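Visitor: Contents are TSV, C-alpha atoms; file name final.tsv:
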```tsv
chain	number	residue	atom	x	y	z
A	1	ARG	CA	21.36	-0.92	45.08
A	2	SER	CA	22.70	-0.66	41.57
A	3	GLY	CA	25.86	0.99	42.92
A	4	ARG	CA	26.50	-1.80	45.40
A	5	GLY	CA	26.07	-4.38	42.64
A	6	SER	CA	28.54	-2.56	40.42
A	7	CYS	CA	31.08	-2.41	43.26
A	8	ARG	CA	30.71	-6.13	43.96
A	9	ARG	CA	31.21	-6.97	40.30
A	10	ALA	CA	34.24	-4.68	40.02
A	11	ALA	CA	35.80	-6.26	43.10
A	12	ALA	CA	35.14	-9.75	41.76
A	13	LEU	CA	36.70	-8.89	38.41
A	14	ALA	CA	39.75	-7.34	40.10
A	15	TRP	CA	40.26	-10.37	42.34
A	16	GLY	CA	39.76	-12.82	39.47
A	17	TRP	CA	42.24	-10.91	37.30
A	18	ARG	CA	44.84	-10.93	40.08
A	19	CYS	CA	44.37	-14.66	40.56
A	20	ALA	CA	44.71	-15.38	36.86
A	21	SER	CA	47.54	-12.98	36.07
A	22	ARG	CA	49.83	-13.21	39.09
A	23	SER	CA	49.73	-16.62	40.70
A	24	TRP	CA	47.64	-19.11	38.77
A	25	TRP	CA	50.60	-20.58	36.96
A	26	ARG	CA	53.25	-19.74	39.53
A	27	ALA	CA	51.81	-22.12	42.13
A	28	TRP	CA	52.62	-25.08	39.88
A	29	GLU	CA	55.63	-23.62	38.10
A	30	ALA	CA	58.62	-25.96	38.06
A	31	PRO	CA	61.84	-26.26	36.02
A	32	SER	CA	61.43	-28.35	32.90
A	33	THR	CA	64.38	-30.56	33.94
A	34	SER	CA	62.82	-31.73	37.19
A	35	ALA	CA	61.02	-35.04	37.24
A	36	SER	CA	58.19	-33.74	39.42
A	37	PRO	CA	57.18	-30.23	40.45
A	38	SER	CA	58.51	-29.14	43.81
A	39	PRO	CA	56.63	-26.80	46.14
A	40	PRO	CA	57.92	-23.26	46.52
A	41	ALA	CA	60.31	-22.41	49.33
A	42	ASP	CA	57.67	-20.28	51.05
A	43	TRP	CA	55.28	-23.01	52.32
A	44	THR	CA	53.10	-20.40	53.99
A	45	TRP	CA	51.80	-19.23	50.60
A	46	TRP	CA	51.36	-22.66	49.03
A	47	PRO	CA	47.86	-23.47	50.37
A	48	ARG	CA	46.61	-19.99	49.55
A	49	ARG	CA	47.95	-20.15	46.02
A	50	ALA	CA	46.46	-23.59	45.50
A	51	CYS	CA	42.99	-22.13	46.19
A	52	TRP	CA	43.32	-19.19	43.83
A	53	PRO	CA	42.31	-20.86	40.52
A	54	PRO	CA	38.95	-22.03	41.99
A	55	ALA	CA	38.53	-18.57	43.47
A	56	ALA	CA	39.07	-16.96	40.07
A	57	HIS	CA	36.52	-19.30	38.50
A	58	TRP	CA	34.03	-18.53	41.28
A	59	CYS	CA	34.49	-14.78	40.71
A	60	TYR	CA	33.81	-15.24	37.01
A	61	ARG	CA	30.66	-17.27	37.70
A	62	MET	CA	29.42	-14.65	40.15
A	63	THR	CA	29.83	-11.86	37.61
A	64	ARG	CA	27.81	-13.87	35.08
A	65	ARG	CA	25.15	-14.75	37.65
A	66	THR	CA	24.64	-11.18	38.82
A	67	ALA	CA	24.53	-9.66	35.35
A	68	PHE	CA	20.75	-9.33	35.47
A	69	THR	CA	20.39	-8.48	39.16
A	70	ARG	CA	22.31	-5.20	39.39
A	71	THR	CA	19.21	-3.23	38.37
A	72	GLY	CA	17.02	-5.19	40.77
A	73	ALA	CA	14.66	-6.02	37.91
A	74	VAL	CA	14.86	-9.75	37.26
A	75	SER	CA	17.46	-12.48	37.44
A	76	ARG	CA	18.71	-14.29	34.36
A	77	LYS	CA	16.97	-17.54	35.31
A	78	ASP	CA	13.63	-15.72	35.64
A	79	LEU	CA	13.90	-13.81	32.37
A	80	LYS	CA	11.14	-14.81	29.93
A	81	VAL	CA	11.42	-14.18	26.18
A	82	LEU	CA	8.74	-14.55	23.50
A	83	ILE	CA	9.81	-15.51	19.96
A	84	VAL	CA	7.31	-14.63	17.23
A	85	ASP	CA	7.99	-16.12	13.79
A	86	ASP	CA	5.90	-18.05	11.29
A	87	ALA	CA	8.87	-20.26	10.30
A	88	ALA	CA	9.48	-23.14	12.70
A	89	SER	CA	13.16	-23.33	11.71
A	90	ASN	CA	13.71	-19.69	12.69
A	91	ARG	CA	11.99	-20.19	16.03
A	92	LYS	CA	14.13	-23.24	16.81
A	93	MET	CA	17.33	-21.45	15.79
A	94	LEU	CA	16.62	-18.48	18.05
A	95	GLN	CA	15.63	-20.76	20.92
A	96	MET	CA	18.94	-22.59	20.52
A	97	LEU	CA	20.88	-19.30	20.67
A	98	LEU	CA	18.97	-18.22	23.77
A	99	ARG	CA	19.66	-21.55	25.48
A	100	LYS	CA	23.38	-20.86	25.02
A	101	LEU	CA	22.78	-17.74	27.10
A	102	ASP	CA	20.83	-19.72	29.74
A	103	LEU	CA	17.56	-18.00	28.82
A	104	GLN	CA	14.12	-19.56	28.58
A	105	SER	CA	11.63	-18.69	25.84
A	106	ASP	CA	8.14	-19.31	24.49
A	107	THR	CA	7.08	-19.14	20.85
A	108	ALA	CA	4.18	-17.84	18.78
A	109	GLU	CA	3.47	-18.64	15.14
A	110	ASP	CA	1.97	-15.29	14.08
A	111	GLY	CA	1.16	-11.81	15.26
A	112	VAL	CA	-2.36	-12.62	16.44
A	113	MET	CA	-1.14	-15.37	18.75
A	114	ALA	CA	1.64	-13.11	20.05
A	115	VAL	CA	-0.73	-10.26	20.88
A	116	GLU	CA	-3.08	-12.64	22.72
A	117	MET	CA	-0.25	-14.22	24.72
A	118	VAL	CA	1.35	-10.94	25.73
A	119	LEU	CA	-1.76	-8.88	26.51
A	120	GLN	CA	-3.22	-11.72	28.57
A	121	ASP	CA	-0.43	-10.99	31.07
A	122	PRO	CA	1.88	-8.13	29.97
A	123	ALA	CA	4.28	-8.79	32.85
A	124	ALA	CA	4.85	-12.43	31.81
A	125	PHE	CA	7.33	-11.59	29.01
A	126	HIS	CA	10.29	-9.28	29.51
A	127	LEU	CA	11.30	-9.21	25.85
A	128	VAL	CA	9.64	-9.97	22.49
A	129	PHE	CA	11.50	-10.92	19.30
A	130	MET	CA	9.04	-10.04	16.52
A	131	ASP	CA	9.34	-11.20	12.93
A	132	ASN	CA	7.85	-8.85	10.35
A	133	LEU	CA	6.39	-10.75	7.40
A	134	MET	CA	3.86	-13.19	8.88
A	135	PRO	CA	0.40	-14.38	7.83
A	136	THR	CA	-2.75	-13.09	9.52
A	137	MET	CA	-0.97	-10.17	11.23
A	138	SER	CA	2.43	-8.69	10.40
A	139	GLY	CA	5.06	-7.88	12.96
A	140	VAL	CA	4.55	-4.14	12.47
A	141	GLU	CA	0.84	-4.38	13.24
A	142	ALA	CA	1.41	-6.78	16.12
A	143	THR	CA	3.93	-4.36	17.65
A	144	ARG	CA	1.45	-1.51	17.26
A	145	GLN	CA	-1.25	-3.57	19.01
A	146	LEU	CA	1.11	-4.44	21.86
A	147	ARG	CA	1.89	-0.78	22.48
A	148	LYS	CA	-1.79	0.15	22.35
A	149	GLY	CA	-2.49	-2.64	24.84
A	150	GLY	CA	0.00	-1.19	27.32
A	151	TYR	CA	3.02	-3.45	26.84
A	152	THR	CA	5.98	-1.46	28.20
A	153	HIS	CA	8.89	-3.88	27.77
A	154	LEU	CA	11.31	-4.13	24.86
A	155	VAL	CA	10.17	-5.27	21.41
A	156	VAL	CA	12.96	-6.27	19.03
A	157	GLY	CA	12.05	-6.44	15.36
A	158	VAL	CA	13.67	-9.29	13.44
A	159	THR	CA	13.50	-8.97	9.68
A	160	GLY	CA	15.36	-9.69	6.47
A	161	ASN	CA	13.83	-6.61	4.82
A	162	VAL	CA	16.26	-3.76	5.38
A	163	LEU	CA	14.70	-1.06	3.19
A	164	GLU	CA	14.75	2.32	4.93
A	165	ASP	CA	11.00	2.92	4.67
A	166	ASP	CA	10.21	-0.50	6.14
A	167	LEU	CA	12.62	0.04	9.02
A	168	ALA	CA	11.14	3.46	9.74
A	169	GLU	CA	7.63	1.99	9.73
A	170	TYR	CA	8.66	-0.77	12.14
A	171	LEU	CA	10.26	1.73	14.53
A	172	SER	CA	7.32	4.12	14.38
A	173	ALA	CA	5.02	1.22	15.32
A	174	GLY	CA	6.84	0.87	18.65
A	175	ALA	CA	9.82	-1.40	18.06
A	176	ASP	CA	12.85	-0.48	20.17
A	177	LEU	CA	15.49	-2.17	18.03
A	178	ILE	CA	15.75	-3.93	14.68
A	179	LEU	CA	18.06	-6.90	14.17
A	180	PRO	CA	18.60	-8.22	10.64
A	181	LYS	CA	18.31	-11.88	9.79
A	182	PRO	CA	20.09	-14.17	10.32
A	183	LEU	CA	20.50	-13.41	14.01
A	184	LYS	CA	23.99	-13.79	15.44
A	185	LEU	CA	25.06	-14.64	18.96
A	186	ALA	CA	27.19	-11.48	19.13
A	187	SER	CA	24.13	-9.30	18.54
A	188	LEU	CA	22.20	-11.13	21.26
A	189	ASN	CA	25.11	-10.78	23.70
A	190	MET	CA	25.21	-7.05	23.06
A	191	LEU	CA	21.46	-6.77	23.61
A	192	PHE	CA	21.46	-8.69	26.89
A	193	ARG	CA	24.48	-6.80	28.18
A	194	PHE	CA	22.46	-3.64	27.68
A	195	ILE	CA	19.44	-5.19	29.42
A	196	GLY	CA	21.62	-6.24	32.33
A	197	HIS	CA	22.65	-2.62	32.90
A	198	HIS	CA	19.50	-0.71	31.96
A	199	GLY	CA	16.56	-3.06	32.40
A	200	PHE	CA	13.70	-4.02	30.09
A	201	ALA	CA	11.53	-0.90	29.99
A	202	THR	CA	10.95	0.84	26.67
A	203	ARG	CA	11.24	4.61	26.24
A	204	GLU	CA	8.65	6.46	24.23
A	205	GLY	CA	10.09	8.31	21.26
A	206	MET	CA	13.47	6.59	21.68
A	207	ILE	CA	15.16	3.66	19.95
A	208	LEU	CA	18.30	1.63	20.58
A	209	VAL	CA	21.29	2.31	18.36
A	210	GLU	CA	24.72	0.68	18.39
A	211	HIS	CA	27.76	2.75	19.37
A	212	SER	CA	31.13	0.97	19.66
A	213	ASN	CA	29.50	-2.46	20.15
A	214	LYS	CA	27.17	-1.04	22.81
A	215	LEU	CA	23.52	-0.08	22.64
A	216	ARG	CA	22.34	3.36	23.67
A	217	TRP	CA	18.99	5.11	23.78
A	218	THR	CA	18.70	7.83	21.15
A	219	PRO	CA	15.82	9.88	19.68
A	220	ASN	CA	14.05	8.01	16.89
A	221	PRO	CA	15.58	8.97	13.52
A	222	ARG	CA	14.14	8.06	10.14
A	223	GLN	CA	16.82	5.48	9.42
A	224	LEU	CA	18.20	2.61	11.49
A	225	LEU	CA	20.00	-0.57	10.66
A	226	LEU	CA	21.88	-2.47	13.35
A	227	LYS	CA	24.29	-4.72	11.52
A	228	GLY	CA	24.87	-7.92	13.52
```
In structure tokens, what does this structure look like?
Guide:
Amino acid sequence: RSGRGSCRRAAALAWGWRCASRSWWRAWEAPSTSASPSPPADWTWWPRRACWPPAAHWCYRMTRRTAFTRTGAVSRKDLKVLIVDDAASNRKMLQMLLRKLDLQSDTAEDGVMAVEMVLQDPAAFHLVFMDNLMPTMSGVEATRQLRKGGYTHLVVGVTGNVLEDDLAEYLSAGADLILPKPLKLASLNMLFRFIGHHGFATREGMILVEHSNKLRWTPNPRQLLLKG
């Protein structure tokens, strides 16, 4: 199924590129001295060329729409994200960035609330953005409790503390990836591109590391800092 989805996307990209590069502008191309554009001499190709720009746009929309369906896991519109942060401004900022990616999200104010929400139905959230320094329960402890409770989807640590020991502790607690504050849209795009290809399941003993603007699973080292 994944192979068929990849073939469909490749075909759509190839067709959209042909439409944009070869004939998008040629259908309406006219000498600058003419008062009004004249149709090309070959009238047989005129209607077909006139339909190519909408076709290119449709191909682009289809590639965006199927980005989360190639793995057969979940579609983009059904993806559910949980944002855990004690600062309301940070929660609103991340929600705004996710809305730009057409993603829906819920929020929790601390680790205790996050653990209760997730473990009540572990399949309800496909991804958790977890702040570290929070009252009542820290992000490290909340991540550890989620893993003990059987949560098997991705947990992304979000923190402004980039000391090596703190990062190693966060990763050893079960976080799959650490993003430094402030979060950037480019980092989120890279993360969701990876999810679109590989799904939401975590891998025990592995973490996500950036290689050439792409995320890859790698054995958990002692040091990690993904610079957004």
Visitor: Return as a Markdown table the residues of range 142-200 of chain A lying at most 9 Å from range 100-110 of chain A, together with the closest atom-to-atom pair for each and the distance in Å to one decimal, counting only C-alpha atoms, with rows in chain order and ascending residue number.
Guide:
```
| residue | atom | partner | partner_atom | distance |
| --- | --- | --- | --- | --- |
| A:Ala142 | CA | A:Asp110 | CA | 8.8 |
| A:Leu185 | CA | A:Lys100 | CA | 8.8 |
| A:Leu188 | CA | A:Leu101 | CA | 8.8 |
| A:Asn189 | CA | A:Leu101 | CA | 8.1 |
```
Visitor: Which polymer residues have any atom within 12 Å of an atom of Ser187 in chain A, counting only C-alpha atoms, with same-chain residues fewer than 6 positions away left out, as a list in words?
Guide: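 In the requested form, the answer reads Leu94, Leu97, Leu98, Val156, Val158, Leu177, Ile178, Leu179, Pro180, Lys181, Arg193, Phe194, Val209, Glu210, Asn213, Lys214, Leu215, Leu226, Lys227 and Gly228 of chain A.
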Visitor: With all atoms listed in the file as the basis for distance, which of A:Gly196, A:Pro182, A:Gly149, A:Gly157 is at the shortest distance from Met117 in chain A?
Guide: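 Result for the nearest residue to Met117 in chain A: A:Gly149.
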Visitor: Return the single residue from A:Lys92, A:Arg147, A:His153, A:Lys80 that is closest to Gly199 in chain A, with distances computed using only C-alpha atoms.
Guide: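 Under the stated criterion, the closest residue is A:His153.
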Visitor: Quick check, in Å to one decimal: how far apart do CA of Ala173 in chain A and CA of His198 in chain A lie?
Guide: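 The value is 22.1 Å.
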Visitor: Given the point (7.4, -10.8, 15.2) in the file's coordinates, find the residues that have an atom at most 7 Å from it, counting all atoms listed in the file, and give them as a ChimeraX atom specification.
Guide: /A:84-85,111,129-132,139,157-158
Visitor: Using only C-alpha atoms, which of A:Ala186, A:Leu119, A:Ile207, A:Leu191 sits nearest Leu167 in chain A?
Guide: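 Residue with the minimum atom-to-atom distance to Leu167 in chain A: A:Ile207.
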Visitor: So the first atom is CA of Ser212 in chain A and the second is CA of Ser172 in chain A; what is the distance between them in Å, to one decimal place?
Guide: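 Rounded to one decimal, the two atoms are 24.6 Å apart.
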Visitor: Enter the distance from CA of Ala124 in chain A to CA of Arg91 in chain A, in Å, rounded to one decimal.
Guide: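 According to the coordinates, CA of Ala124 in chain A and CA of Arg91 in chain A are separated by 19.0 Å.
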Visitor: Please determine, counting all atoms listed in the file, which residue among A:Val128, A:Val140, A:Met113, A:Met96 has the shortest atom-to-atom distance to Phe200 in chain A.
Guide: A:Val128
Visitor: If we count all atoms listed in the file, what is near Ala201 in chain A at a cut-off of 10 Å, once residues fewer than 6 positions away on the same chain are taken out, given as a PyMOL selection string?
Guide: chain A and resi 73+126-127+151-155+176+195
